[in-house]
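Read the structure below first, then the notes.
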Amino acid sequence: MNDIPATPSTGTKVTAWSGGVLYVLAVGLLIGGAPRASGTVHGIGALLAASLLAGVLRRGPVLALVLVLLGSTAVVAGPPSAAGVDLSASYQGQFLPFLAVDLVLGLLVATRTRRTSAVAAAASLLVQLLLVGGFAHGDGMAVNLVIALLAMAASCTAGLLVRERREHAVELRSQEVAEAVIAERLRIARELHDMVAHSIGIIAIQAGVGSRVIRTQPAEALEALRAIETTSRETLSGLRRTLVALRQADPGTEGSGRAPLTPSPGLADLERLAAATADAGVHVDVRLGGEQRPLPADIDLSAYRIVQEALTNVVRHAGTGHCRVAIDYGDGELSVEIVDDGRGATEDGPAHGFGIVGMRERVALLQGRLSAGPRPGGGFRVAARLPLPAAAGVPVEAR
C-alpha cells in the first residue's frame, strides 16, 4: 500500500484561521480601545497577541510574517495621539512588537528556501528602518536602530543555524543509508559466492566423474548423479532462503505466504560439508579442539563460510585428495585452520576469484586476523583467528 501524505484536518484549519482573525481584532483593540496607554503597554499587548498566530505560523510562515509585520506596524504607527499624554513616556517600548516579527522571521529562515528567506528579511528590515526613522525621537533613534538590527541579525543567525543543523542531519542520514546499502550488498555478495561457488565446484567435479565412468561403471556414475542432485537441492534451498530474507524488507510481501526461513549454517554442519567434499574426491579430516560451546551467530556463520570457501579452493585448485580442518575453541578466540598438501598457489590475485577476498572481509568485520598462502613444505594453508565475546563462553551440555 502506498503511503498517503497526511493532510491537515478541518479542525486544524479552522483553528489556524480563527487565530489569524483574533490577532487582527486584538491589534484593532490595542489601537482603538486604549489610545492613552503607553507604548510599552501597546508593545507588550502586540507581543502577546502574536501568539494567536501559532496555527497560521505552522501552516504558512510567510503569511504569518506578513500579518505580524502589518500588525506591529499598525501598533507602532497608531496611538498615542490624545492631548495631554506624556509623549516621552508613551513612546517608551513602542518598538517591542517587532520582536514578534524577528521571531517569525527566524522560523521562516530555518524552514523556507534561501530566496524566500532573503526577501522576507529584506522586507522586514526595510519596514523596521522606516518606522524607527519616522517614529523614534531624539537620541533614541540611534539606539532603536541598533537594537532593531541586532535583534534581526540574532533571529536570522539562529534560523540559519537550525537550517544547517537540519541539513547536516539529513546528509548524515543519507550517508548512513548509503553505507548500510553498500555493506548489505557486500554481505549478500559474500553469501552468494560462498554458497554457490562451493556447490557449483562439487557439481562440476561430480559431473566430470560421471561422464568418464558412465559406460564402464554405471553404479559409480549413478552415485555421482545423486550427489549432483543433493548438492543442487541444497544450493537452491540456500538461494531461496537468501531471496526470502531480501524480500522481507518489502512491505507488500507481508502476510503473503512466505516460506519459513531455515537456519543459517554453522560449525555444527561441518560433518555434512566434509561429506559433500568427500563426494567430490577430497577427504576432509575434521579436528575439534578446546571446550566446544555455542557461538554468536555471526561468528558461527563466518567460520563455516571460511571453511567452505577453503575446501572449495582445495577441490578446484589443490590437485590433492586430502586436507585437514582444525577448529579450536580458545578462551578468547576461535581458531580456524584449513591445510592441504596439494600444489599450493603462486599468487593471490583476481585470477583466483573473490574467495580469499571474501574471507578477509568476513574476518575484518569481526575484528579478527586471517593468513592465507602456500606452505613452505608444499600445499596451502588458511588460518583465521576470530575474537570471542565473553558472553559466548557458555559450555555446551553433553548429549
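Letters A, B, ... go to the chains of the C-alpha cells in the order shown; residues in each chain start at 1; ligands are counted from 1 in the same order.
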List every residue of range 282-395 of chain A that DSSP, applied to the backbone of this structure, assigns to strand (DSSP E), and report them as a ChimeraX atom specification. /A:283-290,322-329,333-340,369-374,380-387
Keeping N, CA and C atoms, export the residues of the selection given above as a CSV table (one decimal), in the first residue's frame.
chain,number,residue,atom,x,y,z
A,283,HIS,N,39.1,-36.1,0.7
A,283,HIS,CA,38.7,-36.5,2.1
A,283,HIS,C,39.1,-35.4,3.0
A,284,VAL,N,38.2,-35.1,3.9
A,284,VAL,CA,38.4,-34.0,4.9
A,284,VAL,C,38.5,-34.6,6.3
A,285,ASP,N,39.7,-34.3,6.9
A,285,ASP,CA,39.9,-34.7,8.3
A,285,ASP,C,39.5,-33.5,9.2
A,286,VAL,N,38.4,-33.6,10.0
A,286,VAL,CA,37.9,-32.6,10.8
A,286,VAL,C,38.4,-32.8,12.2
A,287,ARG,N,39.1,-31.9,12.8
A,287,ARG,CA,39.6,-32.0,14.2
A,287,ARG,C,39.1,-30.8,15.0
A,288,LEU,N,38.5,-31.1,16.2
A,288,LEU,CA,37.9,-30.1,17.0
A,288,LEU,C,38.7,-30.1,18.3
A,289,GLY,N,39.1,-28.9,18.8
A,289,GLY,CA,39.9,-28.8,20.0
A,289,GLY,C,39.2,-27.7,20.9
A,290,GLY,N,39.6,-27.8,22.2
A,290,GLY,CA,39.1,-26.9,23.1
A,290,GLY,C,37.7,-27.3,23.6
A,322,HIS,N,43.3,-35.0,-0.1
A,322,HIS,CA,43.2,-35.0,1.3
A,322,HIS,C,43.5,-33.6,1.8
A,323,CYS,N,42.8,-33.2,2.9
A,323,CYS,CA,43.1,-31.9,3.6
A,323,CYS,C,42.6,-32.1,5.0
A,324,ARG,N,43.0,-31.1,5.8
A,324,ARG,CA,42.7,-31.1,7.3
A,324,ARG,C,42.1,-29.8,7.7
A,325,VAL,N,41.0,-29.9,8.5
A,325,VAL,CA,40.3,-28.8,9.0
A,325,VAL,C,40.4,-28.9,10.5
A,326,ALA,N,40.9,-27.9,11.2
A,326,ALA,CA,41.1,-27.8,12.6
A,326,ALA,C,40.4,-26.6,13.2
A,327,ILE,N,39.5,-26.9,14.1
A,327,ILE,CA,38.7,-25.9,14.8
A,327,ILE,C,39.1,-25.9,16.3
A,328,ASP,N,39.6,-24.8,16.8
A,328,ASP,CA,40.0,-24.8,18.2
A,328,ASP,C,39.2,-23.7,18.9
A,329,TYR,N,38.5,-24.1,20.0
A,329,TYR,CA,37.7,-23.2,20.8
A,329,TYR,C,38.6,-22.7,21.9
A,333,GLU,N,39.4,-16.6,21.7
A,333,GLU,CA,39.2,-16.6,20.2
A,333,GLU,C,38.9,-17.9,19.7
A,334,LEU,N,38.3,-17.9,18.5
A,334,LEU,CA,38.1,-19.2,17.8
A,334,LEU,C,39.1,-19.3,16.7
A,335,SER,N,39.8,-20.4,16.6
A,335,SER,CA,40.9,-20.7,15.6
A,335,SER,C,40.3,-21.6,14.6
A,336,VAL,N,40.5,-21.2,13.3
A,336,VAL,CA,40.0,-22.0,12.2
A,336,VAL,C,41.2,-22.2,11.2
A,337,GLU,N,41.6,-23.4,10.9
A,337,GLU,CA,42.7,-23.7,10.1
A,337,GLU,C,42.4,-24.8,9.1
A,338,ILE,N,42.7,-24.5,7.8
A,338,ILE,CA,42.5,-25.5,6.7
A,338,ILE,C,43.8,-25.7,6.0
A,339,VAL,N,44.3,-26.9,6.0
A,339,VAL,CA,45.6,-27.2,5.4
A,339,VAL,C,45.5,-28.3,4.4
A,340,ASP,N,46.2,-28.2,3.3
A,340,ASP,CA,46.2,-29.3,2.3
A,340,ASP,C,47.6,-29.5,1.9
A,369,ARG,N,41.8,-11.9,12.5
A,369,ARG,CA,43.1,-12.0,11.7
A,369,ARG,C,43.0,-13.1,10.7
A,370,LEU,N,43.5,-13.0,9.5
A,370,LEU,CA,43.5,-14.1,8.5
A,370,LEU,C,44.8,-14.1,7.9
A,371,SER,N,45.3,-15.3,7.7
A,371,SER,CA,46.5,-15.6,6.9
A,371,SER,C,46.2,-16.7,5.9
A,372,ALA,N,46.6,-16.5,4.6
A,372,ALA,CA,46.3,-17.4,3.6
A,372,ALA,C,47.5,-17.4,2.6
A,373,GLY,N,48.1,-18.6,2.4
A,373,GLY,CA,49.2,-18.6,1.4
A,373,GLY,C,49.8,-20.0,1.4
A,374,PRO,N,50.8,-20.2,0.4
A,374,PRO,CA,51.4,-21.5,0.3
A,374,PRO,C,52.2,-21.9,1.5
A,380,PHE,N,48.8,-25.6,0.8
A,380,PHE,CA,48.3,-24.3,1.0
A,380,PHE,C,47.6,-24.3,2.4
A,381,ARG,N,47.7,-23.1,3.1
A,381,ARG,CA,47.2,-23.0,4.4
A,381,ARG,C,46.3,-21.8,4.6
A,382,VAL,N,45.2,-21.9,5.2
A,382,VAL,CA,44.3,-20.8,5.5
A,382,VAL,C,44.1,-20.9,7.0
A,383,ALA,N,44.4,-19.8,7.7
A,383,ALA,CA,44.2,-19.7,9.1
A,383,ALA,C,43.5,-18.4,9.5
A,384,ALA,N,42.4,-18.5,10.3
A,384,ALA,CA,41.7,-17.4,10.8
A,384,ALA,C,41.6,-17.4,12.3
A,385,ARG,N,41.7,-16.2,12.9
A,385,ARG,CA,41.5,-16.1,14.3
A,385,ARG,C,40.4,-15.1,14.6
A,386,LEU,N,39.3,-15.6,15.2
A,386,LEU,CA,38.1,-14.7,15.4
A,386,LEU,C,37.9,-14.5,16.9
A,387,PRO,N,37.9,-13.3,17.3
A,387,PRO,CA,37.8,-13.0,18.7
A,387,PRO,C,36.4,-13.4,19.2
Compile the contact shell of Gly159 in chain A as a PyMOL selection string: residues with an atom at most 7 Å away, counting only C-alpha atoms, same-chain residues fewer than 3 positions apart removed. chain A and resi 106-107+109-110+155-156+162-163
Same residues, C-alpha atoms, saved as a PDB file, in the first residue's frame:
ATOM      1  CA  GLY A 106      13.886  33.324  12.354  1.00  0.00           C
ATOM      2  CA  LEU A 107      11.482  30.408  11.919  1.00  0.00           C
ATOM      3  CA  VAL A 109      14.712  31.360   7.649  1.00  0.00           C
ATOM      4  CA  ALA A 110      15.014  27.941   9.266  1.00  0.00           C
ATOM      5  CA  SER A 155      16.937  35.817  14.726  1.00  0.00           C
ATOM      6  CA  CYS A 156      18.332  35.233  11.222  1.00  0.00           C
ATOM      7  CA  VAL A 162      18.804  25.486  12.768  1.00  0.00           C
ATOM      8  CA  ARG A 163      18.659  25.097   8.977  1.00  0.00           C
TER       9      ARG A 163
END
Which residue is closest to Val196 in chain A? Choose from A:Arg305, A:Arg112, A:Arg226, A:Arg58 and count only C-alpha atoms. A:Arg305
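Between Phe135 in chain A and the candidates A:Leu270, A:Ile205, A:Val75, A:Ile228, the tightest atom-to-atom separation, counting only C-alpha atoms, involves A:Val75.
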Each residue of range 292-377 of chain A with at least one atom at most 10 Å from range 166-190 of chain A should appear once, together with its nearest atom pair and the corresponding distance in Å (one decimal); atoms considered: only C-alpha atoms; ordering: chain, then increasing residue number; output as a tab-separated table.
residue	atom	partner	partner_atom	distance
A:Arg305	CA	A:Arg190	CA	9.0
A:Phe354	CA	A:Arg190	CA	8.7
A:Gly355	CA	A:Arg190	CA	8.5
A:Val357	CA	A:Arg190	CA	9.3
A:Gly358	CA	A:Arg190	CA	5.9
A:Met359	CA	A:Arg190	CA	8.5
A:Glu361	CA	A:Arg190	CA	8.8
A:Arg362	CA	A:Arg190	CA	8.4
Print the selection's residues with N, CA and C atoms to a file, as a compact mmCIF listing (two decimals), in the first residue's frame.
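Below you can see selection_17.txt, which holds the result:
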# COMPACT_ATOMS: atom_id res chain seq x y z
N ARG A 305 31.66 -20.39 6.67
CA ARG A 305 31.89 -19.93 5.30
C ARG A 305 33.39 -19.95 4.96
N PHE A 354 37.21 -14.35 -5.98
CA PHE A 354 36.99 -13.48 -4.82
C PHE A 354 36.93 -14.26 -3.51
N GLY A 355 37.33 -15.51 -3.53
CA GLY A 355 37.22 -16.34 -2.34
C GLY A 355 38.02 -15.81 -1.16
N VAL A 357 39.43 -12.90 -0.90
CA VAL A 357 38.98 -11.53 -0.61
C VAL A 357 37.77 -11.56 0.31
N GLY A 358 36.81 -12.43 0.00
CA GLY A 358 35.62 -12.54 0.85
C GLY A 358 35.96 -13.00 2.25
N MET A 359 36.91 -13.94 2.37
CA MET A 359 37.32 -14.39 3.70
C MET A 359 37.94 -13.25 4.49
N GLU A 361 37.34 -10.07 4.18
CA GLU A 361 36.29 -9.13 4.58
C GLU A 361 35.51 -9.66 5.78
N ARG A 362 35.19 -10.94 5.77
CA ARG A 362 34.46 -11.52 6.89
C ARG A 362 35.27 -11.40 8.19
Write out as a ChimeraX atom specification the residues lying within 10 Å of Leu225 in chain A, counting only C-alpha atoms and excluding same-chain residues fewer than 5 positions away. /A:203,206-207,209-211,219-220,230-231
Let's have the selection written as a tab-separated table (two decimals), in the first residue's frame, with C-alpha atoms.
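Result file is again.tsv:
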chain	number	residue	atom	x	y	z
A	203	ILE	CA	28.63	-30.36	-9.13
A	206	GLN	CA	30.79	-34.98	-9.92
A	207	ALA	CA	29.57	-34.35	-13.46
A	209	VAL	CA	33.40	-38.20	-12.81
A	210	GLY	CA	30.01	-39.38	-14.03
A	211	SER	CA	30.78	-38.64	-17.68
A	219	ALA	CA	26.88	-47.65	-10.35
A	220	GLU	CA	29.58	-45.06	-9.70
A	230	THR	CA	21.63	-33.45	-3.48
A	231	THR	CA	24.05	-30.57	-3.87
For Ala297 in chain A, find every residue with an atom within 10 Å (counting only C-alpha atoms), except residues of its own chain fewer than 4 positions away, and show them as an mmCIF file with N, CA and C atoms, in the first residue's frame.
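part_27.cif, freshly written:
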data_model
loop_
_atom_site.group_PDB
_atom_site.id
_atom_site.type_symbol
_atom_site.label_atom_id
_atom_site.label_comp_id
_atom_site.auth_asym_id
_atom_site.auth_seq_id
_atom_site.Cartn_x
_atom_site.Cartn_y
_atom_site.Cartn_z
ATOM 1 N N SER A 264 20.628 -20.502 9.361
ATOM 2 C CA SER A 264 21.879 -20.334 8.635
ATOM 3 C C SER A 264 22.850 -21.434 9.054
ATOM 4 N N PRO A 265 23.729 -21.857 8.154
ATOM 5 C CA PRO A 265 24.671 -22.929 8.507
ATOM 6 C C PRO A 265 25.687 -22.441 9.531
ATOM 7 N N GLY A 266 26.295 -23.405 10.211
ATOM 8 C CA GLY A 266 27.315 -23.089 11.205
ATOM 9 C C GLY A 266 28.283 -24.238 11.342
ATOM 10 N N LEU A 301 28.554 -18.433 11.575
ATOM 11 C CA LEU A 301 28.360 -18.435 10.127
ATOM 12 C C LEU A 301 29.660 -18.112 9.399
ATOM 13 N N SER A 302 30.397 -17.116 9.881
ATOM 14 C CA SER A 302 31.640 -16.734 9.214
ATOM 15 C C SER A 302 32.659 -17.865 9.256
ATOM 16 N N ALA A 303 32.786 -18.540 10.384
ATOM 17 C CA ALA A 303 33.723 -19.659 10.481
ATOM 18 C C ALA A 303 33.341 -20.766 9.492
#
Have a look at CA of Val14 in chain A and CA of Ala26 in chain A and let me know their distance in Å, one decimal. 17.9 Å
Can you tell me, as JSON, numbers by chain, what residues are no more than 12 Å from Ser124 in chain A when counting only C-alpha atoms, ignoring any on the same chain fewer than 5 positions away? {"A": [62, 65, 66, 67, 68, 69, 70, 72, 73, 98, 99, 100, 101, 102, 103, 104, 105, 106, 108, 117, 118, 119, 129, 130, 131, 148, 149, 151, 152, 153, 155, 156]}
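Counting only C-alpha atoms, the residue from A:Gly342, A:Pro294, A:Pro376, A:Gly201 that sits nearest to Arg316 in chain A is A:Gly201.
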Suppose you want the space between CA of Thr12 in chain A and CA of Ala54 in chain A; what is it in Å? 11.3 Å
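Excluding Ala142 in chain A and any residue on its chain fewer than 5 positions from it, the residues at most 9 Å away by only C-alpha atoms are Val132, Gly133, Ala136 and Ile147 of chain A.
Using only C-alpha atoms, the shortest contact distance between Leu47 in chain A and any of A:Ala16, A:Leu96, A:Thr312, A:Val307 is found at A:Leu96.
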